[in-house]
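Reproduced below: work-v3.pdb, with PDB, C-alpha atoms and all ligand atoms.
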```
MODEL        1
ATOM      1  CA  MET A  16       0.000   0.000   0.000  1.00  0.00           C
ATOM      2  CA  SER A  17       1.449   3.362  -0.967  1.00  0.00           C
ATOM      3  CA  ASP A  18       0.782   6.615   0.988  1.00  0.00           C
ATOM      4  CA  ASN A  19      -1.475   4.675   3.379  1.00  0.00           C
ATOM      5  CA  GLN A  20      -4.078   4.582   0.648  1.00  0.00           C
ATOM      6  CA  LEU A  21      -5.709   1.359  -0.499  1.00  0.00           C
ATOM      7  CA  ARG A  22      -6.087   1.341  -4.268  1.00  0.00           C
ATOM      8  CA  VAL A  23      -8.945  -0.796  -5.568  1.00  0.00           C
ATOM      9  CA  VAL A  24      -9.051  -1.242  -9.343  1.00  0.00           C
ATOM     10  CA  TRP A  25     -12.299  -2.273 -11.068  1.00  0.00           C
ATOM     11  CA  VAL A  26     -11.176  -3.757 -14.365  1.00  0.00           C
ATOM     12  CA  TYR A  27     -13.209  -3.080 -17.514  1.00  0.00           C
ATOM     13  CA  PRO A  28     -16.684  -2.246 -16.153  1.00  0.00           C
ATOM     14  CA  ASP A  29     -17.706  -1.592 -19.781  1.00  0.00           C
ATOM     15  CA  LEU A  30     -17.042  -5.224 -20.784  1.00  0.00           C
ATOM     16  CA  LEU A  31     -17.101  -7.374 -17.669  1.00  0.00           C
ATOM     17  CA  SER A  32     -19.891  -6.802 -15.162  1.00  0.00           C
ATOM     18  CA  THR A  33     -22.813  -9.196 -15.411  1.00  0.00           C
ATOM     19  CA  TYR A  34     -25.251 -10.238 -12.669  1.00  0.00           C
ATOM     20  CA  GLY A  35     -24.340  -7.393 -10.354  1.00  0.00           C
ATOM     21  CA  ASP A  36     -20.579  -8.038 -10.281  1.00  0.00           C
ATOM     22  CA  GLN A  37     -20.034  -4.297  -9.830  1.00  0.00           C
ATOM     23  CA  GLY A  38     -21.354  -4.846  -6.303  1.00  0.00           C
ATOM     24  CA  ASN A  39     -18.018  -6.519  -5.536  1.00  0.00           C
ATOM     25  CA  VAL A  40     -16.132  -3.249  -5.785  1.00  0.00           C
ATOM     26  CA  LEU A  41     -18.770  -1.462  -3.676  1.00  0.00           C
ATOM     27  CA  VAL A  42     -18.425  -4.080  -0.944  1.00  0.00           C
ATOM     28  CA  VAL A  43     -14.615  -3.960  -0.885  1.00  0.00           C
ATOM     29  CA  GLU A  44     -14.696  -0.160  -0.784  1.00  0.00           C
ATOM     30  CA  ARG A  45     -17.286  -0.045   1.985  1.00  0.00           C
ATOM     31  CA  ARG A  46     -15.656  -2.642   4.190  1.00  0.00           C
ATOM     32  CA  ALA A  47     -12.297  -0.902   3.833  1.00  0.00           C
ATOM     33  CA  ARG A  48     -13.841   2.468   4.779  1.00  0.00           C
ATOM     34  CA  GLN A  49     -15.614   0.879   7.761  1.00  0.00           C
ATOM     35  CA  ARG A  50     -12.121  -0.027   8.997  1.00  0.00           C
ATOM     36  CA  GLY A  51     -11.005   3.579   8.664  1.00  0.00           C
ATOM     37  CA  LEU A  52      -8.924   2.993   5.546  1.00  0.00           C
ATOM     38  CA  ASP A  53      -8.392   5.675   2.945  1.00  0.00           C
ATOM     39  CA  VAL A  54      -9.610   4.058  -0.284  1.00  0.00           C
ATOM     40  CA  ALA A  55      -9.065   5.167  -3.860  1.00  0.00           C
ATOM     41  CA  ARG A  56     -11.316   3.384  -6.336  1.00  0.00           C
ATOM     42  CA  LEU A  57     -10.229   3.344  -9.969  1.00  0.00           C
ATOM     43  CA  ASP A  58     -12.703   2.193 -12.601  1.00  0.00           C
ATOM     44  CA  VAL A  59     -10.599   1.362 -15.658  1.00  0.00           C
ATOM     45  CA  ARG A  60     -12.476   1.084 -18.924  1.00  0.00           C
ATOM     46  CA  SER A  61     -11.187  -1.180 -21.671  1.00  0.00           C
ATOM     47  CA  ASP A  62      -9.762   1.748 -23.697  1.00  0.00           C
ATOM     48  CA  GLN A  63      -7.639   2.865 -20.733  1.00  0.00           C
ATOM     49  CA  PRO A  64      -4.349   1.454 -19.427  1.00  0.00           C
ATOM     50  CA  ILE A  65      -4.489  -0.717 -16.321  1.00  0.00           C
ATOM     51  CA  PRO A  66      -2.469   0.902 -13.515  1.00  0.00           C
ATOM     52  CA  THR A  67       0.270  -1.262 -12.000  1.00  0.00           C
ATOM     53  CA  SER A  68       0.071   0.410  -8.578  1.00  0.00           C
ATOM     54  CA  GLY A  69      -3.255  -1.122  -7.454  1.00  0.00           C
ATOM     55  CA  ASP A  70      -3.545  -3.177  -4.279  1.00  0.00           C
ATOM     56  CA  ILE A  71      -6.695  -5.120  -5.182  1.00  0.00           C
ATOM     57  CA  TYR A  72      -7.981  -5.760  -8.725  1.00  0.00           C
ATOM     58  CA  LEU A  73     -11.575  -6.901  -9.245  1.00  0.00           C
ATOM     59  CA  ILE A  74     -12.841  -8.399 -12.500  1.00  0.00           C
ATOM     60  CA  GLY A  75     -16.406  -9.451 -13.316  1.00  0.00           C
ATOM     61  CA  GLY A  76     -18.098 -11.843 -15.690  1.00  0.00           C
ATOM     62  CA  GLY A  77     -19.287 -11.265 -19.229  1.00  0.00           C
ATOM     63  CA  GLU A  78     -20.809 -12.703 -22.337  1.00  0.00           C
ATOM     64  CA  ASP A  79     -18.559 -14.524 -24.798  1.00  0.00           C
ATOM     65  CA  ARG A  80     -17.755 -11.624 -27.155  1.00  0.00           C
ATOM     66  CA  PRO A  81     -16.932  -8.998 -24.508  1.00  0.00           C
ATOM     67  CA  GLN A  82     -14.887 -11.701 -22.799  1.00  0.00           C
ATOM     68  CA  ARG A  83     -12.734 -12.134 -25.928  1.00  0.00           C
ATOM     69  CA  LEU A  84     -12.303  -8.355 -26.311  1.00  0.00           C
ATOM     70  CA  ALA A  85     -11.333  -8.054 -22.644  1.00  0.00           C
ATOM     71  CA  ALA A  86      -8.773 -10.852 -22.945  1.00  0.00           C
ATOM     72  CA  GLU A  87      -7.229  -9.268 -26.070  1.00  0.00           C
ATOM     73  CA  ARG A  88      -6.944  -5.876 -24.387  1.00  0.00           C
ATOM     74  CA  LEU A  89      -5.605  -7.212 -21.099  1.00  0.00           C
ATOM     75  CA  ARG A  90      -2.942  -9.233 -22.950  1.00  0.00           C
ATOM     76  CA  ARG A  91      -1.949  -6.231 -25.055  1.00  0.00           C
ATOM     77  CA  ASP A  92      -1.903  -3.955 -21.979  1.00  0.00           C
ATOM     78  CA  GLY A  93       0.251  -6.335 -19.916  1.00  0.00           C
ATOM     79  CA  HIS A  94      -0.062  -4.290 -16.713  1.00  0.00           C
ATOM     80  CA  LEU A  95      -2.299  -6.681 -14.781  1.00  0.00           C
ATOM     81  CA  TYR A  96       0.374  -9.332 -15.137  1.00  0.00           C
ATOM     82  CA  GLN A  97       2.960  -6.827 -13.924  1.00  0.00           C
ATOM     83  CA  ALA A  98       0.787  -5.792 -10.957  1.00  0.00           C
ATOM     84  CA  VAL A  99       0.552  -9.416  -9.837  1.00  0.00           C
ATOM     85  CA  GLN A 100       4.344  -9.746 -10.093  1.00  0.00           C
ATOM     86  CA  ASN A 101       4.453  -6.702  -7.756  1.00  0.00           C
ATOM     87  CA  GLY A 102       2.248  -8.583  -5.240  1.00  0.00           C
ATOM     88  CA  ALA A 103      -1.204  -7.234  -6.088  1.00  0.00           C
ATOM     89  CA  ILE A 104      -4.316  -9.211  -5.130  1.00  0.00           C
ATOM     90  CA  VAL A 105      -6.745 -10.196  -7.913  1.00  0.00           C
ATOM     91  CA  PHE A 106     -10.303 -11.472  -7.492  1.00  0.00           C
ATOM     92  CA  ALA A 107     -12.128 -12.435 -10.690  1.00  0.00           C
ATOM     93  CA  VAL A 108     -15.575 -13.804 -11.475  1.00  0.00           C
ATOM     94  CA  CYS A 109     -16.638 -16.191 -14.264  1.00  0.00           C
ATOM     95  CA  ALA A 110     -15.436 -14.689 -17.585  1.00  0.00           C
ATOM     96  CA  GLY A 111     -12.806 -12.800 -15.558  1.00  0.00           C
ATOM     97  CA  TYR A 112     -11.761 -16.073 -13.900  1.00  0.00           C
ATOM     98  CA  GLN A 113     -11.450 -17.789 -17.287  1.00  0.00           C
ATOM     99  CA  ILE A 114      -9.335 -14.899 -18.642  1.00  0.00           C
ATOM    100  CA  LEU A 115      -6.871 -15.279 -15.751  1.00  0.00           C
ATOM    101  CA  GLY A 116      -6.149 -18.845 -16.840  1.00  0.00           C
ATOM    102  CA  HIS A 117      -3.983 -20.183 -19.664  1.00  0.00           C
ATOM    103  CA  GLU A 118      -6.770 -20.261 -22.258  1.00  0.00           C
ATOM    104  CA  PHE A 119     -10.507 -20.502 -22.855  1.00  0.00           C
ATOM    105  CA  VAL A 120     -12.750 -21.049 -25.896  1.00  0.00           C
ATOM    106  CA  ASN A 121     -13.947 -17.743 -27.324  1.00  0.00           C
ATOM    107  CA  ASP A 122     -17.173 -16.726 -29.068  1.00  0.00           C
ATOM    108  CA  LEU A 123     -15.688 -17.812 -32.433  1.00  0.00           C
ATOM    109  CA  GLY A 124     -15.094 -21.330 -31.097  1.00  0.00           C
ATOM    110  CA  GLN A 125     -11.333 -20.752 -31.048  1.00  0.00           C
ATOM    111  CA  ARG A 126      -8.830 -21.251 -28.240  1.00  0.00           C
ATOM    112  CA  GLU A 127      -8.109 -17.812 -26.838  1.00  0.00           C
ATOM    113  CA  PRO A 128      -5.003 -17.263 -24.689  1.00  0.00           C
ATOM    114  CA  GLY A 129      -5.564 -15.902 -21.188  1.00  0.00           C
ATOM    115  CA  LEU A 130      -3.108 -14.148 -18.904  1.00  0.00           C
ATOM    116  CA  GLY A 131      -1.658 -17.265 -17.276  1.00  0.00           C
ATOM    117  CA  LEU A 132      -2.053 -15.821 -13.787  1.00  0.00           C
ATOM    118  CA  LEU A 133      -3.916 -18.916 -12.597  1.00  0.00           C
ATOM    119  CA  ASP A 134      -2.966 -22.470 -13.524  1.00  0.00           C
ATOM    120  CA  VAL A 135      -6.345 -23.273 -15.097  1.00  0.00           C
ATOM    121  CA  THR A 136      -7.631 -23.984 -18.605  1.00  0.00           C
ATOM    122  CA  THR A 137     -11.226 -23.600 -19.735  1.00  0.00           C
ATOM    123  CA  THR A 138     -12.931 -25.671 -22.408  1.00  0.00           C
ATOM    124  CA  ARG A 139     -16.491 -25.344 -23.682  1.00  0.00           C
ATOM    125  CA  GLY A 140     -18.971 -27.686 -22.039  1.00  0.00           C
ATOM    126  CA  GLU A 141     -20.898 -29.872 -24.481  1.00  0.00           C
ATOM    127  CA  GLY A 142     -23.948 -30.235 -22.244  1.00  0.00           C
ATOM    128  CA  GLU A 143     -26.330 -27.726 -20.699  1.00  0.00           C
ATOM    129  CA  ARG A 144     -25.038 -24.456 -19.274  1.00  0.00           C
ATOM    130  CA  CYS A 145     -24.231 -24.515 -15.573  1.00  0.00           C
ATOM    131  CA  VAL A 146     -26.956 -22.252 -14.187  1.00  0.00           C
ATOM    132  CA  GLY A 147     -28.340 -21.783 -10.700  1.00  0.00           C
ATOM    133  CA  ASP A 148     -27.689 -21.099  -7.055  1.00  0.00           C
ATOM    134  CA  VAL A 149     -24.581 -22.621  -5.537  1.00  0.00           C
ATOM    135  CA  LEU A 150     -23.584 -23.549  -2.027  1.00  0.00           C
ATOM    136  CA  ALA A 151     -19.991 -24.645  -1.449  1.00  0.00           C
ATOM    137  CA  ASP A 152     -17.369 -25.159   1.246  1.00  0.00           C
ATOM    138  CA  ILE A 153     -14.354 -22.897   0.839  1.00  0.00           C
ATOM    139  CA  ASP A 154     -10.840 -24.361   1.222  1.00  0.00           C
ATOM    140  CA  PRO A 155     -10.445 -24.674   5.024  1.00  0.00           C
ATOM    141  CA  ARG A 156      -7.033 -22.991   4.962  1.00  0.00           C
ATOM    142  CA  LEU A 157      -8.806 -19.733   4.052  1.00  0.00           C
ATOM    143  CA  GLY A 158     -10.927 -19.920   7.236  1.00  0.00           C
ATOM    144  CA  LEU A 159     -14.155 -18.727   5.629  1.00  0.00           C
ATOM    145  CA  PRO A 160     -17.821 -19.726   6.078  1.00  0.00           C
ATOM    146  CA  PRO A 161     -19.735 -21.493   3.255  1.00  0.00           C
ATOM    147  CA  LEU A 162     -19.744 -19.846  -0.162  1.00  0.00           C
ATOM    148  CA  THR A 163     -23.082 -18.754  -1.599  1.00  0.00           C
ATOM    149  CA  GLY A 164     -23.457 -17.531  -5.159  1.00  0.00           C
ATOM    150  CA  PHE A 165     -25.153 -17.817  -8.514  1.00  0.00           C
ATOM    151  CA  GLU A 166     -23.535 -19.409 -11.579  1.00  0.00           C
ATOM    152  CA  ASN A 167     -24.293 -19.130 -15.301  1.00  0.00           C
ATOM    153  CA  HIS A 168     -21.570 -20.401 -17.628  1.00  0.00           C
ATOM    154  CA  GLN A 169     -20.844 -22.760 -20.485  1.00  0.00           C
ATOM    155  CA  GLY A 170     -17.120 -22.998 -19.796  1.00  0.00           C
ATOM    156  CA  ILE A 171     -15.639 -25.968 -17.921  1.00  0.00           C
ATOM    157  CA  THR A 172     -12.497 -25.097 -15.992  1.00  0.00           C
ATOM    158  CA  HIS A 173      -9.712 -27.626 -15.391  1.00  0.00           C
ATOM    159  CA  LEU A 174      -7.158 -26.968 -12.649  1.00  0.00           C
ATOM    160  CA  GLY A 175      -3.422 -27.514 -13.110  1.00  0.00           C
ATOM    161  CA  PRO A 176      -1.072 -28.527 -10.301  1.00  0.00           C
ATOM    162  CA  THR A 177      -0.351 -25.034  -8.958  1.00  0.00           C
ATOM    163  CA  ALA A 178      -3.995 -23.946  -8.666  1.00  0.00           C
ATOM    164  CA  ARG A 179      -5.962 -24.998  -5.576  1.00  0.00           C
ATOM    165  CA  PRO A 180      -9.738 -25.386  -5.756  1.00  0.00           C
ATOM    166  CA  PHE A 181     -11.293 -22.346  -4.076  1.00  0.00           C
ATOM    167  CA  ALA A 182     -14.261 -24.388  -2.835  1.00  0.00           C
ATOM    168  CA  ARG A 183     -16.089 -27.736  -3.090  1.00  0.00           C
ATOM    169  CA  VAL A 184     -19.735 -27.583  -4.076  1.00  0.00           C
ATOM    170  CA  GLN A 185     -22.544 -28.963  -1.948  1.00  0.00           C
ATOM    171  CA  ILE A 186     -25.108 -27.656  -4.447  1.00  0.00           C
ATOM    172  CA  GLY A 187     -24.338 -26.524  -8.003  1.00  0.00           C
ATOM    173  CA  LYS A 188     -21.695 -27.224 -10.642  1.00  0.00           C
ATOM    174  CA  GLY A 189     -18.770 -24.873  -9.943  1.00  0.00           C
ATOM    175  CA  ASN A 190     -15.903 -25.601 -12.333  1.00  0.00           C
ATOM    176  CA  GLY A 191     -18.179 -28.034 -14.178  1.00  0.00           C
ATOM    177  CA  THR A 192     -15.596 -30.836 -14.318  1.00  0.00           C
ATOM    178  CA  GLY A 193     -17.755 -33.168 -12.229  1.00  0.00           C
ATOM    179  CA  ASP A 194     -15.132 -33.338  -9.475  1.00  0.00           C
ATOM    180  CA  GLY A 195     -17.037 -30.922  -7.226  1.00  0.00           C
ATOM    181  CA  THR A 196     -14.442 -28.161  -7.351  1.00  0.00           C
ATOM    182  CA  GLU A 197     -15.432 -24.501  -7.667  1.00  0.00           C
ATOM    183  CA  GLY A 198     -13.034 -21.708  -8.593  1.00  0.00           C
ATOM    184  CA  ALA A 199      -9.284 -21.692  -8.070  1.00  0.00           C
ATOM    185  CA  PHE A 200      -6.628 -19.706  -6.252  1.00  0.00           C
ATOM    186  CA  ASN A 201      -2.932 -19.386  -5.643  1.00  0.00           C
ATOM    187  CA  ASP A 202      -1.213 -17.037  -3.179  1.00  0.00           C
ATOM    188  CA  THR A 203      -2.697 -13.776  -4.437  1.00  0.00           C
ATOM    189  CA  VAL A 204      -4.977 -14.564  -7.380  1.00  0.00           C
ATOM    190  CA  PHE A 205      -8.532 -15.847  -6.929  1.00  0.00           C
ATOM    191  CA  GLY A 206     -11.099 -16.974  -9.483  1.00  0.00           C
ATOM    192  CA  THR A 207     -14.686 -18.073  -8.924  1.00  0.00           C
ATOM    193  CA  TYR A 208     -17.793 -18.776 -10.983  1.00  0.00           C
ATOM    194  CA  MET A 209     -19.932 -17.061  -8.359  1.00  0.00           C
ATOM    195  CA  HIS A 210     -21.982 -13.988  -9.248  1.00  0.00           C
ATOM    196  CA  GLY A 211     -24.467 -12.545  -6.834  1.00  0.00           C
ATOM    197  CA  PRO A 212     -22.590 -10.166  -6.346  1.00  0.00           C
ATOM    198  CA  VAL A 213     -20.430 -12.727  -4.607  1.00  0.00           C
ATOM    199  CA  LEU A 214     -18.777 -10.321  -2.154  1.00  0.00           C
ATOM    200  CA  ALA A 215     -22.170  -9.032  -0.944  1.00  0.00           C
ATOM    201  CA  ARG A 216     -23.194 -12.621  -0.348  1.00  0.00           C
ATOM    202  CA  ASN A 217     -19.810 -13.480   1.200  1.00  0.00           C
ATOM    203  CA  PRO A 218     -18.407 -10.316   2.803  1.00  0.00           C
ATOM    204  CA  LEU A 219     -15.703 -12.244   4.616  1.00  0.00           C
ATOM    205  CA  ILE A 220     -14.115 -12.925   1.219  1.00  0.00           C
ATOM    206  CA  ALA A 221     -13.844  -9.149   0.778  1.00  0.00           C
ATOM    207  CA  ASP A 222     -12.198  -9.030   4.211  1.00  0.00           C
ATOM    208  CA  LEU A 223      -9.776 -11.758   3.140  1.00  0.00           C
ATOM    209  CA  LEU A 224      -8.740  -9.630   0.139  1.00  0.00           C
ATOM    210  CA  LEU A 225      -8.269  -6.617   2.439  1.00  0.00           C
ATOM    211  CA  LYS A 226      -6.182  -8.641   4.901  1.00  0.00           C
ATOM    212  CA  LEU A 227      -3.965  -9.933   2.114  1.00  0.00           C
ATOM    213  CA  ALA A 228      -3.528  -6.432   0.689  1.00  0.00           C
ATOM    214  CA  LEU A 229      -2.768  -4.934   4.117  1.00  0.00           C
ATOM    215  CA  ASP A 230      -0.688  -7.949   5.197  1.00  0.00           C
ATOM    216  CA  VAL A 231      -2.564  -8.257   8.505  1.00  0.00           C
ATOM    217  CA  ASN A 232      -4.174 -11.269  10.205  1.00  0.00           C
ATOM    218  CA  ALA A 233      -7.338  -9.588  11.450  1.00  0.00           C
ATOM    219  CA  LEU A 234      -9.557  -6.571  10.875  1.00  0.00           C
ATOM    220  CA  PRO A 235     -11.824  -4.699  13.319  1.00  0.00           C
ATOM    221  CA  PRO A 236     -15.292  -6.325  13.430  1.00  0.00           C
ATOM    222  CA  THR A 237     -18.235  -4.901  11.478  1.00  0.00           C
ATOM    223  CA  ASP A 238     -21.990  -5.139  11.897  1.00  0.00           C
ATOM    224  CA  ASP A 239     -22.859  -7.878   9.382  1.00  0.00           C
ATOM    225  CA  ARG A 240     -26.554  -8.386  10.196  1.00  0.00           C
ATOM    226  CA  TRP A 241     -27.753  -7.307   6.733  1.00  0.00           C
ATOM    227  CA  TYR A 242     -25.216  -9.554   5.044  1.00  0.00           C
ATOM    228  CA  GLU A 243     -26.222 -12.435   7.314  1.00  0.00           C
ATOM    229  CA  ALA A 244     -29.897 -11.976   6.415  1.00  0.00           C
ATOM    230  CA  LEU A 245     -29.011 -12.051   2.702  1.00  0.00           C
ATOM    231  CA  ARG A 246     -26.776 -15.109   3.176  1.00  0.00           C
ATOM    232  CA  ASN A 247     -29.436 -17.011   5.090  1.00  0.00           C
ATOM    233  CA  GLU A 248     -32.057 -16.183   2.501  1.00  0.00           C
ATOM    234  CA  ARG A 249     -29.873 -17.267  -0.445  1.00  0.00           C
ATOM    235  CA  ILE A 250     -28.588 -20.422   1.298  1.00  0.00           C
ATOM    236  CA  ALA A 251     -32.189 -21.436   2.094  1.00  0.00           C
ATOM    237  CA  ALA A 252     -33.153 -20.784  -1.559  1.00  0.00           C
ATOM    238  CA  ALA A 253     -30.297 -22.998  -2.798  1.00  0.00           C
ATOM    239  CA  GLN A 254     -31.404 -25.765  -0.447  1.00  0.00           C
ATOM    240  CA  GLN A 255     -35.021 -25.736  -1.702  1.00  0.00           C
ATOM    241  CA  PRO A 256     -35.754 -28.816  -3.799  1.00  0.00           C
ATOM    242  CA  ALA A 257     -35.834 -27.849  -7.509  1.00  0.00           C
TER
HETATM  243  N1  LIG A 301     -18.852 -16.599 -21.365  1.00  0.00           N
HETATM  244  C1  LIG A 301     -18.420 -17.433 -20.286  1.00  0.00           C
HETATM  245  C2  LIG A 301     -19.132 -18.796 -20.207  1.00  0.00           C
HETATM  246  O1  LIG A 301     -20.268 -18.917 -20.576  1.00  0.00           O
HETATM  247  C3  LIG A 301     -18.563 -16.668 -18.987  1.00  0.00           C
HETATM  248  C4  LIG A 301     -20.001 -16.353 -18.625  1.00  0.00           C
HETATM  249  C5  LIG A 301     -20.123 -15.425 -17.450  1.00  0.00           C
HETATM  250  O2  LIG A 301     -19.231 -14.640 -17.140  1.00  0.00           O
HETATM  251  N2  LIG A 301     -21.272 -15.438 -16.797  1.00  0.00           N
HETATM  252  O3  LIG A 301     -18.518 -19.746 -19.758  1.00  0.00           O
ENDMDL
END
```

Translate the structure of the given file into structure tokens.
Amino acid sequence: MSDNQLRVVWVYPDLLSTYGDQGNVLVVERRARQRGLDVARLDVRSDQPIPTSGDIYLIGGGEDRPQRLAAERLRRDGHLYQAVQNGAIVFAVCAGYQILGHEFVNDLGQREPGLGLLDVTTTRGEGERCVGDVLADIDPRLGLPPLTGFENHQGITHLGPTARPFARVQIGKGNGTGDGTEGAFNDTVFGTYMHGPVLARNPLIADLLLKLALDVNALPPTDDRWYEALRNERIAAAQQPA
């Protein structure tokens, strides 16, 4: 963190922000401010350069064509890769998650290179899209309560040896490989299929990103009653028989 200011970068809101993913940046901002942090939020459109000085980068999901355009521009820009080499934290959803991997299948049916920031590869599922509410258990080493979210994707994401599954689904498809995994992470880069917005449904993930960015083990507590009500409502909805 430079100048005691936390810099939160919202990557390509013009291309990648489906199903309320913009809420993720609002939640990170708010929870940082509640802890008395000075926050600078930078919304970086796809015709602008990505800054390398961010602390936390958030990326949303998108339809197949905007996803290809975003991947092309992020590769050409190169700064997100550089930011991660500098220790930045990245949290990406769905199309954003796929772009962080080695490659995915684009809207033209071709293999499109990603940024290689996560050891994952995405193919196109032959069956039905993975759509619906999800309930999953997050990797215990992250110390977080169950993950609630909403998924809608055709891509199937396969994890390589240096990516850990972010969660294991109780309900839903997650990575779609049939092995029960959902999302992936390494030390500083996180990918998930969860929309929702996922950080409003799982505010302790936002706190995890803040702790990693600040390099602290704990944050002052917050009043999470509204978040808890939303979580309980969505978890109950996921558990309803279809
Ligand atoms: N286009 C991608 C897929 O269908 C991502 C969709 C999304 O971001 N919701 O797999």

Check which residues satisfy the PyMOL selection byres (((chain A and resi 164) around 6) and not hetatm) in the file shown, then give them as a ChimeraX atom specification. /A:148-149,163,165,209-211,213

Minimum-distance residue to Arg249 (chain A), chosen among A:Ala110, A:Leu162, A:Leu223, A:Ala199 (using only C-alpha atoms): A:Leu162

Taking only C-alpha atoms into account, which of A:Asp62, A:Tyr27, A:Leu73, A:Phe181 comes nearest Ala221 (chain A)?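 The answer is A:Leu73, which sits nearest to Ala221 (chain A).
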
Protein and nucleic acid residues near (-28.1, -25.5, -9.3) (cut-off 8 Å, all atoms listed in the file) as an mmCIF file with C-alpha atoms, keeping the file's coordinate frame:
```cif
data_model
loop_
_atom_site.group_PDB
_atom_site.id
_atom_site.type_symbol
_atom_site.label_atom_id
_atom_site.label_comp_id
_atom_site.auth_asym_id
_atom_site.auth_seq_id
_atom_site.Cartn_x
_atom_site.Cartn_y
_atom_site.Cartn_z
ATOM 1 C CA CYS A 145 -24.231 -24.515 -15.573
ATOM 2 C CA VAL A 146 -26.956 -22.252 -14.187
ATOM 3 C CA GLY A 147 -28.340 -21.783 -10.700
ATOM 4 C CA ASP A 148 -27.689 -21.099 -7.055
ATOM 5 C CA VAL A 149 -24.581 -22.621 -5.537
ATOM 6 C CA GLU A 166 -23.535 -19.409 -11.579
ATOM 7 C CA ILE A 186 -25.108 -27.656 -4.447
ATOM 8 C CA GLY A 187 -24.338 -26.524 -8.003
ATOM 9 C CA LYS A 188 -21.695 -27.224 -10.642
ATOM 10 C CA ALA A 253 -30.297 -22.998 -2.798
#
```

Using CA of Phe106 (chain A) and CA of Gln185 (chain A) as the two end points, give the distance in Å to one decimal.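 If I compute the distance from CA of Phe106 (chain A) to CA of Gln185 (chain A), I get 22.1 Å.
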
A straight line from CA of Asp222 (chain A) to CA of Leu52 (chain A) spans 12.5 Å

Close residues to ligand LIG 301 (chain A) using only C-alpha atoms and all ligand atoms, limit 6 Å, as a PyMOL selection string: chain A and resi 76-79+109-110+167-170

Go ahead and write the residues just picked, C-alpha atoms, as a PDB file, keeping the file's coordinate frame.
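Result file selection_35.pdb:
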```pdb
ATOM      1  CA  GLY A  76     -18.098 -11.843 -15.690  1.00  0.00           C
ATOM      2  CA  GLY A  77     -19.287 -11.265 -19.229  1.00  0.00           C
ATOM      3  CA  GLU A  78     -20.809 -12.703 -22.337  1.00  0.00           C
ATOM      4  CA  ASP A  79     -18.559 -14.524 -24.798  1.00  0.00           C
ATOM      5  CA  CYS A 109     -16.638 -16.191 -14.264  1.00  0.00           C
ATOM      6  CA  ALA A 110     -15.436 -14.689 -17.585  1.00  0.00           C
ATOM      7  CA  ASN A 167     -24.293 -19.130 -15.301  1.00  0.00           C
ATOM      8  CA  HIS A 168     -21.570 -20.401 -17.628  1.00  0.00           C
ATOM      9  CA  GLN A 169     -20.844 -22.760 -20.485  1.00  0.00           C
ATOM     10  CA  GLY A 170     -17.120 -22.998 -19.796  1.00  0.00           C
TER      11      GLY A 170
END
```
